[in-house]
Structure formats: structure tokens, C-alpha cells
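Heads up, structure_6.pdb below (PDB, C-alpha atoms, pLDDT in the B column):
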ATOM      1  CA  MET Z   3      12.389 -17.448  79.446  1.00 43.00           C
ATOM      2  CA  MET Z   4       8.622 -17.678  79.088  1.00 38.00           C
ATOM      3  CA  ILE Z   5       8.650 -14.710  76.645  1.00 39.00           C
ATOM      4  CA  THR Z   6      11.300 -16.435  74.530  1.00 41.00           C
ATOM      5  CA  ASN Z   7       9.273 -19.650  74.381  1.00 42.00           C
ATOM      6  CA  ALA Z   8       6.110 -17.724  73.427  1.00 42.00           C
ATOM      7  CA  THR Z   9       7.970 -15.898  70.673  1.00 42.00           C
ATOM      8  CA  SER Z  10       9.374 -19.135  69.312  1.00 43.00           C
ATOM      9  CA  THR Z  11       5.932 -20.709  69.384  1.00 44.00           C
ATOM     10  CA  THR Z  12       4.457 -17.735  67.482  1.00 44.00           C
ATOM     11  CA  LEU Z  13       7.169 -17.870  64.804  1.00 40.00           C
ATOM     12  CA  TRP Z  14       6.675 -21.612  64.433  1.00 43.00           C
ATOM     13  CA  ALA Z  15       2.923 -21.095  64.006  1.00 43.00           C
ATOM     14  CA  ASN Z  16       3.475 -18.387  61.375  1.00 46.00           C
ATOM     15  CA  ASP Z  17       5.894 -20.620  59.451  1.00 48.00           C
ATOM     16  CA  THR Z  18       3.434 -23.490  59.607  1.00 47.00           C
ATOM     17  CA  LEU Z  19       0.596 -21.258  58.326  1.00 42.00           C
ATOM     18  CA  THR Z  20       2.775 -19.904  55.507  1.00 48.00           C
ATOM     19  CA  ASN Z  21       3.829 -23.389  54.435  1.00 49.00           C
ATOM     20  CA  ALA Z  22       0.231 -24.604  54.509  1.00 45.00           C
ATOM     21  CA  THR Z  23      -0.909 -21.645  52.411  1.00 46.00           C
ATOM     22  CA  ALA Z  24       1.868 -22.208  49.878  1.00 45.00           C
ATOM     23  CA  TRP Z  25       1.066 -25.907  49.710  1.00 46.00           C
ATOM     24  CA  ALA Z  26      -2.635 -25.192  49.160  1.00 44.00           C
ATOM     25  CA  PHE Z  27      -1.820 -22.650  46.415  1.00 43.00           C
ATOM     26  CA  ASN Z  28       0.533 -25.034  44.656  1.00 47.00           C
ATOM     27  CA  ALA Z  29      -1.984 -27.823  44.998  1.00 46.00           C
ATOM     28  CA  THR Z  30      -4.807 -25.796  43.399  1.00 45.00           C
ATOM     29  CA  LYS Z  31      -2.709 -24.093  40.687  1.00 43.00           C
ATOM     30  CA  PRO Z  32      -2.158 -27.194  38.549  1.00 45.00           C
ATOM     31  CA  ASN Z  33      -5.855 -27.938  38.756  1.00 46.00           C
ATOM     32  CA  ALA Z  34      -6.702 -24.466  37.431  1.00 41.00           C
ATOM     33  CA  THR Z  35      -4.142 -24.843  34.662  1.00 43.00           C
ATOM     34  CA  GLU Z  36      -5.460 -28.243  33.755  1.00 44.00           C
ATOM     35  CA  SER Z  37      -9.004 -26.880  33.694  1.00 47.00           C
ATOM     36  CA  LEU Z  38      -7.945 -24.023  31.412  1.00 42.00           C
ATOM     37  CA  ASP Z  39      -6.038 -26.398  29.153  1.00 45.00           C
ATOM     38  CA  SER Z  40      -8.996 -28.754  28.954  1.00 55.00           C
ATOM     39  CA  SER Z  41     -11.319 -25.894  27.973  1.00 54.00           C
ATOM     40  CA  PHE Z  42      -8.943 -24.912  25.154  1.00 47.00           C
ATOM     41  CA  VAL Z  43      -8.768 -28.524  24.016  1.00 46.00           C
ATOM     42  CA  ARG Z  44     -12.548 -28.823  23.949  1.00 56.00           C
ATOM     43  CA  SER Z  45     -12.887 -25.553  21.994  1.00 55.00           C
ATOM     44  CA  ALA Z  46     -10.247 -26.602  19.451  1.00 52.00           C
ATOM     45  CA  SER Z  47     -11.864 -30.014  19.088  1.00 57.00           C
ATOM     46  CA  ALA Z  48     -15.262 -28.459  18.413  1.00 55.00           C
ATOM     47  CA  THR Z  49     -13.758 -26.081  15.835  1.00 56.00           C
ATOM     48  CA  ASN Z  50     -11.972 -28.910  14.053  1.00 55.00           C
ATOM     49  CA  ALA Z  51     -15.132 -30.997  14.091  1.00 54.00           C
ATOM     50  CA  ARG Z  52     -17.087 -28.170  12.442  1.00 57.00           C
ATOM     51  CA  ARG Z  53     -14.386 -27.752   9.817  1.00 55.00           C
ATOM     52  CA  LEU Z  54     -14.376 -31.465   9.056  1.00 51.00           C
ATOM     53  CA  THR Z  55     -18.162 -31.427   8.792  1.00 55.00           C
ATOM     54  CA  ASP Z  56     -18.048 -28.519   6.338  1.00 53.00           C
ATOM     55  CA  MET Z  57     -15.304 -30.229   4.318  1.00 55.00           C
ATOM     56  CA  ASN Z  58     -17.240 -33.475   4.138  1.00 55.00           C
ATOM     57  CA  ASP Z  59     -20.499 -31.753   3.155  1.00 56.00           C
ATOM     58  CA  PRO Z  60     -20.639 -31.324  -0.645  1.00 57.00           C
ATOM     59  CA  ALA Z  61     -23.798 -29.258  -0.440  1.00 59.00           C
ATOM     60  CA  ALA Z  62     -22.106 -26.669   1.789  1.00 54.00           C
ATOM     61  CA  ASP Z  63     -19.130 -26.500  -0.578  1.00 57.00           C
ATOM     62  CA  ASP Z  64     -21.413 -26.015  -3.578  1.00 59.00           C
ATOM     63  CA  ALA Z  65     -23.359 -23.292  -1.770  1.00 62.00           C
ATOM     64  CA  ASP Z  66     -20.154 -21.457  -0.831  1.00 62.00           C
ATOM     65  CA  ALA Z  67     -18.893 -21.744  -4.396  1.00 63.00           C
ATOM     66  CA  ASP Z  68     -22.169 -20.365  -5.759  1.00 68.00           C
ATOM     67  CA  VAL Z  69     -22.048 -17.433  -3.336  1.00 68.00           C
ATOM     68  CA  ASP Z  70     -18.428 -16.668  -4.225  1.00 74.00           C
ATOM     69  CA  GLY Z  71     -19.157 -16.882  -7.948  1.00 73.00           C
ATOM     70  CA  THR Z  72     -22.178 -14.598  -7.663  1.00 82.00           C
ATOM     71  CA  ARG Z  73     -20.224 -12.098  -5.580  1.00 84.00           C
ATOM     72  CA  HIS Z  74     -17.332 -12.091  -8.044  1.00 84.00           C
ATOM     73  CA  PHE Z  75     -19.741 -11.260 -10.859  1.00 83.00           C
ATOM     74  CA  THR Z  76     -21.831  -8.645  -9.050  1.00 86.00           C
ATOM     75  CA  HIS Z  77     -18.926  -6.961  -7.249  1.00 86.00           C
ATOM     76  CA  GLY Z  78     -16.177  -7.468  -9.824  1.00 87.00           C
ATOM     77  CA  VAL Z  79     -17.076  -8.251 -13.429  1.00 89.00           C
ATOM     78  CA  LEU Z  80     -20.323  -6.272 -13.638  1.00 92.00           C
ATOM     79  CA  PRO Z  81     -18.936  -2.970 -12.233  1.00 92.00           C
ATOM     80  CA  VAL Z  82     -15.919  -3.218 -14.544  1.00 92.00           C
ATOM     81  CA  LEU Z  83     -18.146  -3.766 -17.582  1.00 93.00           C
ATOM     82  CA  LEU Z  84     -20.423  -0.901 -16.561  1.00 94.00           C
ATOM     83  CA  ALA Z  85     -17.470   1.435 -15.987  1.00 93.00           C
ATOM     84  CA  SER Z  86     -15.971   0.476 -19.365  1.00 90.00           C
ATOM     85  CA  PHE Z  87     -19.285   1.114 -21.119  1.00 93.00           C
ATOM     86  CA  LEU Z  88     -19.734   4.512 -19.479  1.00 93.00           C
ATOM     87  CA  SER Z  89     -16.132   5.467 -20.193  1.00 90.00           C
ATOM     88  CA  GLY Z  90     -16.478   4.546 -23.869  1.00 90.00           C
ATOM     89  CA  LEU Z  91     -19.789   6.402 -24.162  1.00 93.00           C
ATOM     90  CA  ALA Z  92     -18.356   9.509 -22.512  1.00 91.00           C
ATOM     91  CA  GLY Z  93     -15.294   9.375 -24.772  1.00 91.00           C
ATOM     92  CA  ALA Z  94     -17.406   9.033 -27.905  1.00 92.00           C
ATOM     93  CA  LEU Z  95     -19.623  11.960 -26.924  1.00 92.00           C
ATOM     94  CA  ALA Z  96     -16.580  14.080 -26.036  1.00 92.00           C
ATOM     95  CA  GLN Z  97     -14.917  13.291 -29.367  1.00 93.00           C
ATOM     96  CA  ARG Z  98     -18.135  14.111 -31.216  1.00 92.00           C
ATOM     97  CA  ASN Z  99     -18.344  17.504 -29.552  1.00 90.00           C
ATOM     98  CA  LEU Z 100     -14.648  18.311 -29.907  1.00 92.00           C
ATOM     99  CA  GLN Z 101     -14.283  17.268 -33.543  1.00 91.00           C
ATOM    100  CA  GLY Z 102     -17.698  18.465 -34.645  1.00 87.00           C
ATOM    101  CA  VAL Z 103     -20.021  16.963 -37.225  1.00 79.00           C
ATOM    102  CA  SER Z 104     -19.668  17.776 -40.899  1.00 69.00           C
ATOM    103  CA  SER Z 105     -22.687  18.216 -43.148  1.00 60.00           C
ATOM    104  CA  SER Z 106     -21.620  15.340 -45.419  1.00 57.00           C
ATOM    105  CA  SER Z 107     -21.649  12.771 -42.587  1.00 51.00           C
ATOM    106  CA  SER Z 108     -25.052  13.741 -41.214  1.00 48.00           C
ATOM    107  CA  THR Z 109     -28.244  12.108 -42.326  1.00 51.00           C
ATOM    108  CA  SER Z 110     -31.252  13.818 -43.815  1.00 46.00           C
ATOM    109  CA  SER Z 111     -33.336  13.182 -40.699  1.00 46.00           C
ATOM    110  CA  ARG Z 112     -30.824  15.026 -38.567  1.00 49.00           C
ATOM    111  CA  LYS Z 113     -30.873  17.918 -41.010  1.00 49.00           C
ATOM    112  CA  GLU Z 114     -34.623  18.136 -40.818  1.00 45.00           C
ATOM    113  CA  ALA Z 115     -34.614  17.924 -37.029  1.00 45.00           C
ATOM    114  CA  SER Z 116     -31.900  20.466 -36.363  1.00 49.00           C
ATOM    115  CA  GLY Z 117     -32.238  22.630 -39.435  1.00 49.00           C
ATOM    116  CA  SER Z 118     -28.546  22.214 -40.248  1.00 53.00           C
ATOM    117  CA  GLY Z 119     -26.463  19.073 -40.426  1.00 61.00           C
ATOM    118  CA  ALA Z 120     -23.124  20.754 -39.702  1.00 76.00           C
ATOM    119  CA  ARG Z 121     -21.894  21.210 -36.146  1.00 82.00           C
ATOM    120  CA  PRO Z 122     -18.729  23.226 -35.573  1.00 89.00           C
ATOM    121  CA  PRO Z 123     -15.974  21.717 -33.415  1.00 91.00           C
ATOM    122  CA  ARG Z 124     -15.670  22.833 -29.814  1.00 91.00           C
ATOM    123  CA  ASN Z 125     -12.719  24.560 -28.245  1.00 92.00           C
ATOM    124  CA  PRO Z 126     -10.873  21.859 -26.234  1.00 91.00           C
ATOM    125  CA  TYR Z 127      -9.818  24.303 -23.514  1.00 93.00           C
ATOM    126  CA  MET Z 128     -13.340  25.613 -22.993  1.00 93.00           C
ATOM    127  CA  PHE Z 129     -14.708  22.057 -23.105  1.00 92.00           C
ATOM    128  CA  THR Z 130     -12.222  20.996 -20.399  1.00 92.00           C
ATOM    129  CA  MET Z 131     -13.225  23.941 -18.233  1.00 93.00           C
ATOM    130  CA  GLU Z 132     -16.902  23.009 -18.541  1.00 92.00           C
ATOM    131  CA  LEU Z 133     -16.177  19.425 -17.478  1.00 91.00           C
ATOM    132  CA  SER Z 134     -14.107  20.690 -14.555  1.00 91.00           C
ATOM    133  CA  VAL Z 135     -16.967  22.893 -13.357  1.00 93.00           C
ATOM    134  CA  ALA Z 136     -19.382  19.948 -13.534  1.00 92.00           C
ATOM    135  CA  SER Z 137     -16.945  17.719 -11.622  1.00 90.00           C
ATOM    136  CA  ALA Z 138     -16.450  20.386  -8.948  1.00 90.00           C
ATOM    137  CA  ALA Z 139     -20.235  20.721  -8.538  1.00 92.00           C
ATOM    138  CA  PHE Z 140     -20.645  16.981  -7.944  1.00 91.00           C
ATOM    139  CA  LEU Z 141     -17.736  17.004  -5.459  1.00 88.00           C
ATOM    140  CA  LEU Z 142     -19.313  19.863  -3.519  1.00 88.00           C
ATOM    141  CA  LEU Z 143     -22.622  17.993  -3.389  1.00 90.00           C
ATOM    142  CA  SER Z 144     -20.890  14.896  -1.987  1.00 88.00           C
ATOM    143  CA  LEU Z 145     -18.902  16.736   0.709  1.00 85.00           C
ATOM    144  CA  PRO Z 146     -21.641  16.723   3.421  1.00 85.00           C
ATOM    145  CA  PHE Z 147     -21.730  12.920   3.272  1.00 87.00           C
ATOM    146  CA  GLY Z 148     -17.995  12.313   3.822  1.00 83.00           C
ATOM    147  CA  ALA Z 149     -15.307  12.895   6.414  1.00 84.00           C
ATOM    148  CA  ASP Z 150     -13.683  15.639   4.321  1.00 83.00           C
ATOM    149  CA  GLY Z 151     -16.850  17.706   4.464  1.00 84.00           C
ATOM    150  CA  HIS Z 152     -17.014  17.474   8.263  1.00 86.00           C
ATOM    151  CA  ASN Z 153     -13.352  18.500   8.563  1.00 85.00           C
ATOM    152  CA  MET Z 154     -13.936  21.469   6.288  1.00 85.00           C
ATOM    153  CA  MET Z 155     -16.959  22.615   8.303  1.00 86.00           C
ATOM    154  CA  GLN Z 156     -14.995  22.343  11.559  1.00 89.00           C
ATOM    155  CA  HIS Z 157     -11.582  23.676  10.525  1.00 88.00           C
ATOM    156  CA  GLY Z 158     -12.173  25.564   7.270  1.00 87.00           C
ATOM    157  CA  PHE Z 159     -11.659  24.864   3.581  1.00 85.00           C
ATOM    158  CA  PHE Z 160      -7.855  25.132   3.629  1.00 87.00           C
ATOM    159  CA  TYR Z 161      -7.380  22.828   6.641  1.00 85.00           C
ATOM    160  CA  GLN Z 162      -4.036  20.948   6.428  1.00 86.00           C
ATOM    161  CA  TRP Z 163      -3.151  22.511   3.067  1.00 90.00           C
ATOM    162  CA  THR Z 164       0.563  22.730   2.292  1.00 93.00           C
ATOM    163  CA  PRO Z 165       2.511  23.875  -0.761  1.00 93.00           C
ATOM    164  CA  ALA Z 166       2.677  20.204  -1.828  1.00 94.00           C
ATOM    165  CA  THR Z 167      -1.137  20.217  -2.138  1.00 93.00           C
ATOM    166  CA  PHE Z 168      -0.863  22.259  -5.320  1.00 94.00           C
ATOM    167  CA  ILE Z 169       1.191  19.547  -7.053  1.00 96.00           C
ATOM    168  CA  PRO Z 170      -1.741  17.166  -7.761  1.00 94.00           C
ATOM    169  CA  ILE Z 171      -3.941  20.167  -8.592  1.00 92.00           C
ATOM    170  CA  LEU Z 172      -1.459  21.305 -11.234  1.00 95.00           C
ATOM    171  CA  THR Z 173      -0.852  17.821 -12.651  1.00 95.00           C
ATOM    172  CA  ASN Z 174      -4.582  17.041 -12.866  1.00 92.00           C
ATOM    173  CA  SER Z 175      -5.232  20.352 -14.616  1.00 91.00           C
ATOM    174  CA  LEU Z 176      -2.501  19.779 -17.182  1.00 93.00           C
ATOM    175  CA  GLY Z 177      -3.621  16.157 -17.647  1.00 91.00           C
ATOM    176  CA  ALA Z 178      -7.196  17.248 -18.362  1.00 91.00           C
ATOM    177  CA  VAL Z 179      -6.009  19.730 -20.989  1.00 92.00           C
ATOM    178  CA  VAL Z 180      -3.797  17.091 -22.629  1.00 92.00           C
ATOM    179  CA  VAL Z 181      -6.666  14.572 -22.673  1.00 91.00           C
ATOM    180  CA  GLY Z 182      -8.893  17.140 -24.365  1.00 91.00           C
ATOM    181  CA  LEU Z 183      -6.288  17.869 -27.039  1.00 92.00           C
ATOM    182  CA  VAL Z 184      -5.600  14.168 -27.651  1.00 92.00           C
ATOM    183  CA  THR Z 185      -9.331  13.413 -27.927  1.00 91.00           C
ATOM    184  CA  LYS Z 186      -9.803  16.219 -30.416  1.00 92.00           C
ATOM    185  CA  HIS Z 187      -6.845  15.481 -32.691  1.00 91.00           C
ATOM    186  CA  ALA Z 188      -6.246  11.721 -32.262  1.00 90.00           C
ATOM    187  CA  GLY Z 189      -9.571  10.284 -31.164  1.00 91.00           C
ATOM    188  CA  VAL Z 190     -10.759   8.139 -28.279  1.00 90.00           C
ATOM    189  CA  VAL Z 191      -9.544   4.826 -29.707  1.00 91.00           C
ATOM    190  CA  ARG Z 192      -5.932   5.931 -29.966  1.00 91.00           C
ATOM    191  CA  LYS Z 193      -6.168   7.529 -26.550  1.00 90.00           C
ATOM    192  CA  GLY Z 194      -7.409   4.207 -25.142  1.00 89.00           C
ATOM    193  CA  PHE Z 195      -4.494   2.278 -26.639  1.00 91.00           C
ATOM    194  CA  ALA Z 196      -2.056   4.872 -25.315  1.00 90.00           C
ATOM    195  CA  LEU Z 197      -3.600   4.496 -21.853  1.00 88.00           C
ATOM    196  CA  ILE Z 198      -3.263   0.704 -21.985  1.00 90.00           C
ATOM    197  CA  PHE Z 199       0.387   0.856 -23.022  1.00 92.00           C
ATOM    198  CA  GLY Z 200       1.019   3.434 -20.303  1.00 91.00           C
ATOM    199  CA  LEU Z 201      -0.432   1.083 -17.677  1.00 91.00           C
ATOM    200  CA  LEU Z 202       1.700  -1.777 -18.969  1.00 94.00           C
ATOM    201  CA  LEU Z 203       4.815   0.392 -18.866  1.00 93.00           C
ATOM    202  CA  SER Z 204       4.014   1.505 -15.313  1.00 93.00           C
ATOM    203  CA  GLY Z 205       3.557  -2.108 -14.225  1.00 92.00           C
ATOM    204  CA  ILE Z 206       6.860  -3.173 -15.783  1.00 93.00           C
ATOM    205  CA  LEU Z 207       8.713  -0.300 -14.099  1.00 91.00           C
ATOM    206  CA  GLN Z 208       7.165  -1.143 -10.722  1.00 91.00           C
ATOM    207  CA  VAL Z 209       8.153  -4.799 -11.039  1.00 92.00           C
ATOM    208  CA  GLU Z 210      11.706  -3.927 -12.037  1.00 89.00           C
ATOM    209  CA  SER Z 211      12.111  -1.349  -9.262  1.00 86.00           C
ATOM    210  CA  GLY Z 212      10.366  -3.423  -6.574  1.00 71.00           C
TER     211      GLY Z 212
END

Represent the supplied structure as C-alpha cells.
Amino acid sequence: MMITNATSTTLWANDTLTNATAWAFNATKPNATESLDSSFVRSASATNARRLTDMNDPAADDADADVDGTRHFTHGVLPVLLASFLSGLAGALAQRNLQGVSSSSSTSSRKEASGSGARPPRNPYMFTMELSVASAAFLLLSLPFGADGHNMMQHGFFYQWTPATFIPILTNSLGAVVVGLVTKHAGVVRKGFALIFGLLLSGILQVESG
């Protein structure tokens, strides 16, 4: 009888302790949640206050606009203009070498400087090969500074090559030969217009198919 009473007393004490622990946990949990919620509210209020301050400050808006305008010019307009100038200069020099210079179109100063005003036209295939060799040399010089160069040094030159790799090689080779022939027989200006219309046609096809 005494053992039964002691057991009952022990179970009652355990239940009381469990209920007290649960009550304490439930009592402190809302406080923690409220504290977390209040910290989020304070952070959001501070962020909104900073945004309102920036919106109400005309000087900050003008400074941001000046920075954006300068960045658009230095990182957008200026590189495009420089690339267009270099592309036109390279095309003019390529056309001059491919088509040659006749003696009737040269000036007397050029005749005196070179000894002969006439310059024979270049072979477009040989000219394309020379440009390809120069491009390959610059690519090889840039390999140590890129991820492709590190992969080649670790795994070899033909790492991850597949038969599909030869498709862009073949298309780029044929495209370079075609560009050389077009530059020689049609000129850079016509080639430029053909390129523009090709880009427009590609854009229209992408819009229609997308």
C-alpha cells in the first residue's frame, strides 16, 4: 500500500513538472516571436525611412542620374563607337589590299615614295589564311589568362572535344572565306549593308518563332 502511494506521488510530481515546463515554454515562446517580429518591423521601418529620404533628396537623385549617364556613355556608347571605327578601318584596309591600287588612282607623292604607284590585288584565300594565323596567335597568347588555358594545361588540348566541335570550326572557316570574297568583289560598304539586313532578318525570325 505504501509502495502504491509512493508511486502515485511520483507520477503526480512528474506530471506537475511536465505541465510547468510546458507552461513556461508556451509563456516564453510568444515573447520570442514578438521580439523577432519587432526586430523585423524596426529593420523595415529603417529601410523605408532611408528610401523616403533618398526620394525626397533632389541632390541624391541628380547625383545618381549623373553617375548613370556617365556609365552609359563610358560603358555603352563609347565602346560601340570605338568598335565601329576599328571595324570600318579594318574593312577599308582589307578592301585596299584585296582590290589593289591602280597607278591612275595613286598620287605623285606615293609614286615617289614607293617607286611605283600600282599595287597588285591580293589573293583572298591567302589573305584570309594570314588573318587566321594572326587571330590564332592572339588567342594562344590569351590562353594563360583564362579558364580555358588552365583546363588545357590540366587535361590536354582536346579536352571535351566531340564531333560537334568541328561544326563551328567549319562554319567559321567558310564564313571567313566568303567575307574575303565579298570584300574583294563587292566592297566593305555593300558587305556592311548586307550584314545589317541579315541582323534585321534574324531578329524578325526570332520574334516570329518565339

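Residues matched by the PyMOL selection byres ((chain Z and resi 179) around 12) in this file are Asn125, Pro126, Tyr127, Met128, Phe129, Thr130, Met131, Glu132, Leu133, Ser134, Leu172, Thr173, Asn174, Ser175, Leu176, Gly177, Ala178, Val180, Val181, Gly182, Leu183, Val184, Thr185 and Lys186 of chain Z.
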
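Counting only C-alpha atoms, the residue from Z:Leu84, Z:Gly90, Z:Thr72, Z:Arg121 that sits nearest to Gly102 in chain Z is Z:Arg121.
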
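The residue that comes closest to His187 in chain Z, out of Z:Leu143, Z:Leu100, Z:Ala136, Z:Leu201 and on the basis of all atoms listed in the file, is Z:Leu100.
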
- Note on the structure: note - CA of Ser211 in chain Z and CA of Gly194 in chain Z are separated by 25.8 Å

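Going from CA of Gly158 in chain Z to CA of Phe140 in chain Z covers 19.4 Å.
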
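The spacing separating CA of Phe159 in chain Z from CA of Ser137 in chain Z amounts to 17.6 Å.
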
Save range 197-212 of chain Z from what I just supplied, as a short mmCIF file (atom, residue, chain, number, x, y, z; two decimals), in the first residue's frame, atoms limited to N, CA and C atoms.
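As written to disk, decode33.cif reads:
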data_model
loop_
_atom_site.label_atom_id
_atom_site.label_comp_id
_atom_site.auth_asym_id
_atom_site.auth_seq_id
_atom_site.Cartn_x
_atom_site.Cartn_y
_atom_site.Cartn_z
N LEU Z 197 25.19 42.86 -93.92
CA LEU Z 197 25.23 42.43 -92.53
C LEU Z 197 24.06 43.02 -91.73
N ILE Z 198 23.75 44.29 -91.99
CA ILE Z 198 22.64 44.93 -91.28
C ILE Z 198 21.31 44.26 -91.62
N PHE Z 199 21.08 44.01 -92.91
CA PHE Z 199 19.84 43.36 -93.30
C PHE Z 199 19.77 41.92 -92.78
N GLY Z 200 20.92 41.27 -92.68
CA GLY Z 200 20.94 39.92 -92.10
C GLY Z 200 20.56 39.94 -90.63
N LEU Z 201 21.05 40.94 -89.88
CA LEU Z 201 20.67 41.06 -88.47
C LEU Z 201 19.18 41.35 -88.32
N LEU Z 202 18.65 42.22 -89.18
CA LEU Z 202 17.22 42.51 -89.12
C LEU Z 202 16.40 41.26 -89.42
N LEU Z 203 16.81 40.50 -90.42
CA LEU Z 203 16.09 39.28 -90.77
C LEU Z 203 16.15 38.26 -89.63
N SER Z 204 17.31 38.15 -88.99
CA SER Z 204 17.43 37.23 -87.86
C SER Z 204 16.53 37.65 -86.70
N GLY Z 205 16.47 38.97 -86.44
CA GLY Z 205 15.59 39.44 -85.38
C GLY Z 205 14.13 39.19 -85.66
N ILE Z 206 13.71 39.40 -86.92
CA ILE Z 206 12.31 39.15 -87.29
C ILE Z 206 11.97 37.67 -87.14
N LEU Z 207 12.87 36.80 -87.58
CA LEU Z 207 12.62 35.35 -87.46
C LEU Z 207 12.56 34.91 -86.01
N GLN Z 208 13.39 35.50 -85.14
CA GLN Z 208 13.36 35.14 -83.73
C GLN Z 208 12.06 35.59 -83.07
N VAL Z 209 11.59 36.78 -83.45
CA VAL Z 209 10.33 37.28 -82.88
C VAL Z 209 9.16 36.41 -83.34
N GLU Z 210 9.16 36.04 -84.62
CA GLU Z 210 8.05 35.24 -85.12
C GLU Z 210 8.06 33.83 -84.54
N SER Z 211 9.26 33.28 -84.33
CA SER Z 211 9.33 31.91 -83.81
C SER Z 211 9.22 31.85 -82.28
N GLY Z 212 9.49 32.99 -81.61
CA GLY Z 212 9.46 32.98 -80.14
C GLY Z 212 8.13 33.25 -79.57
#
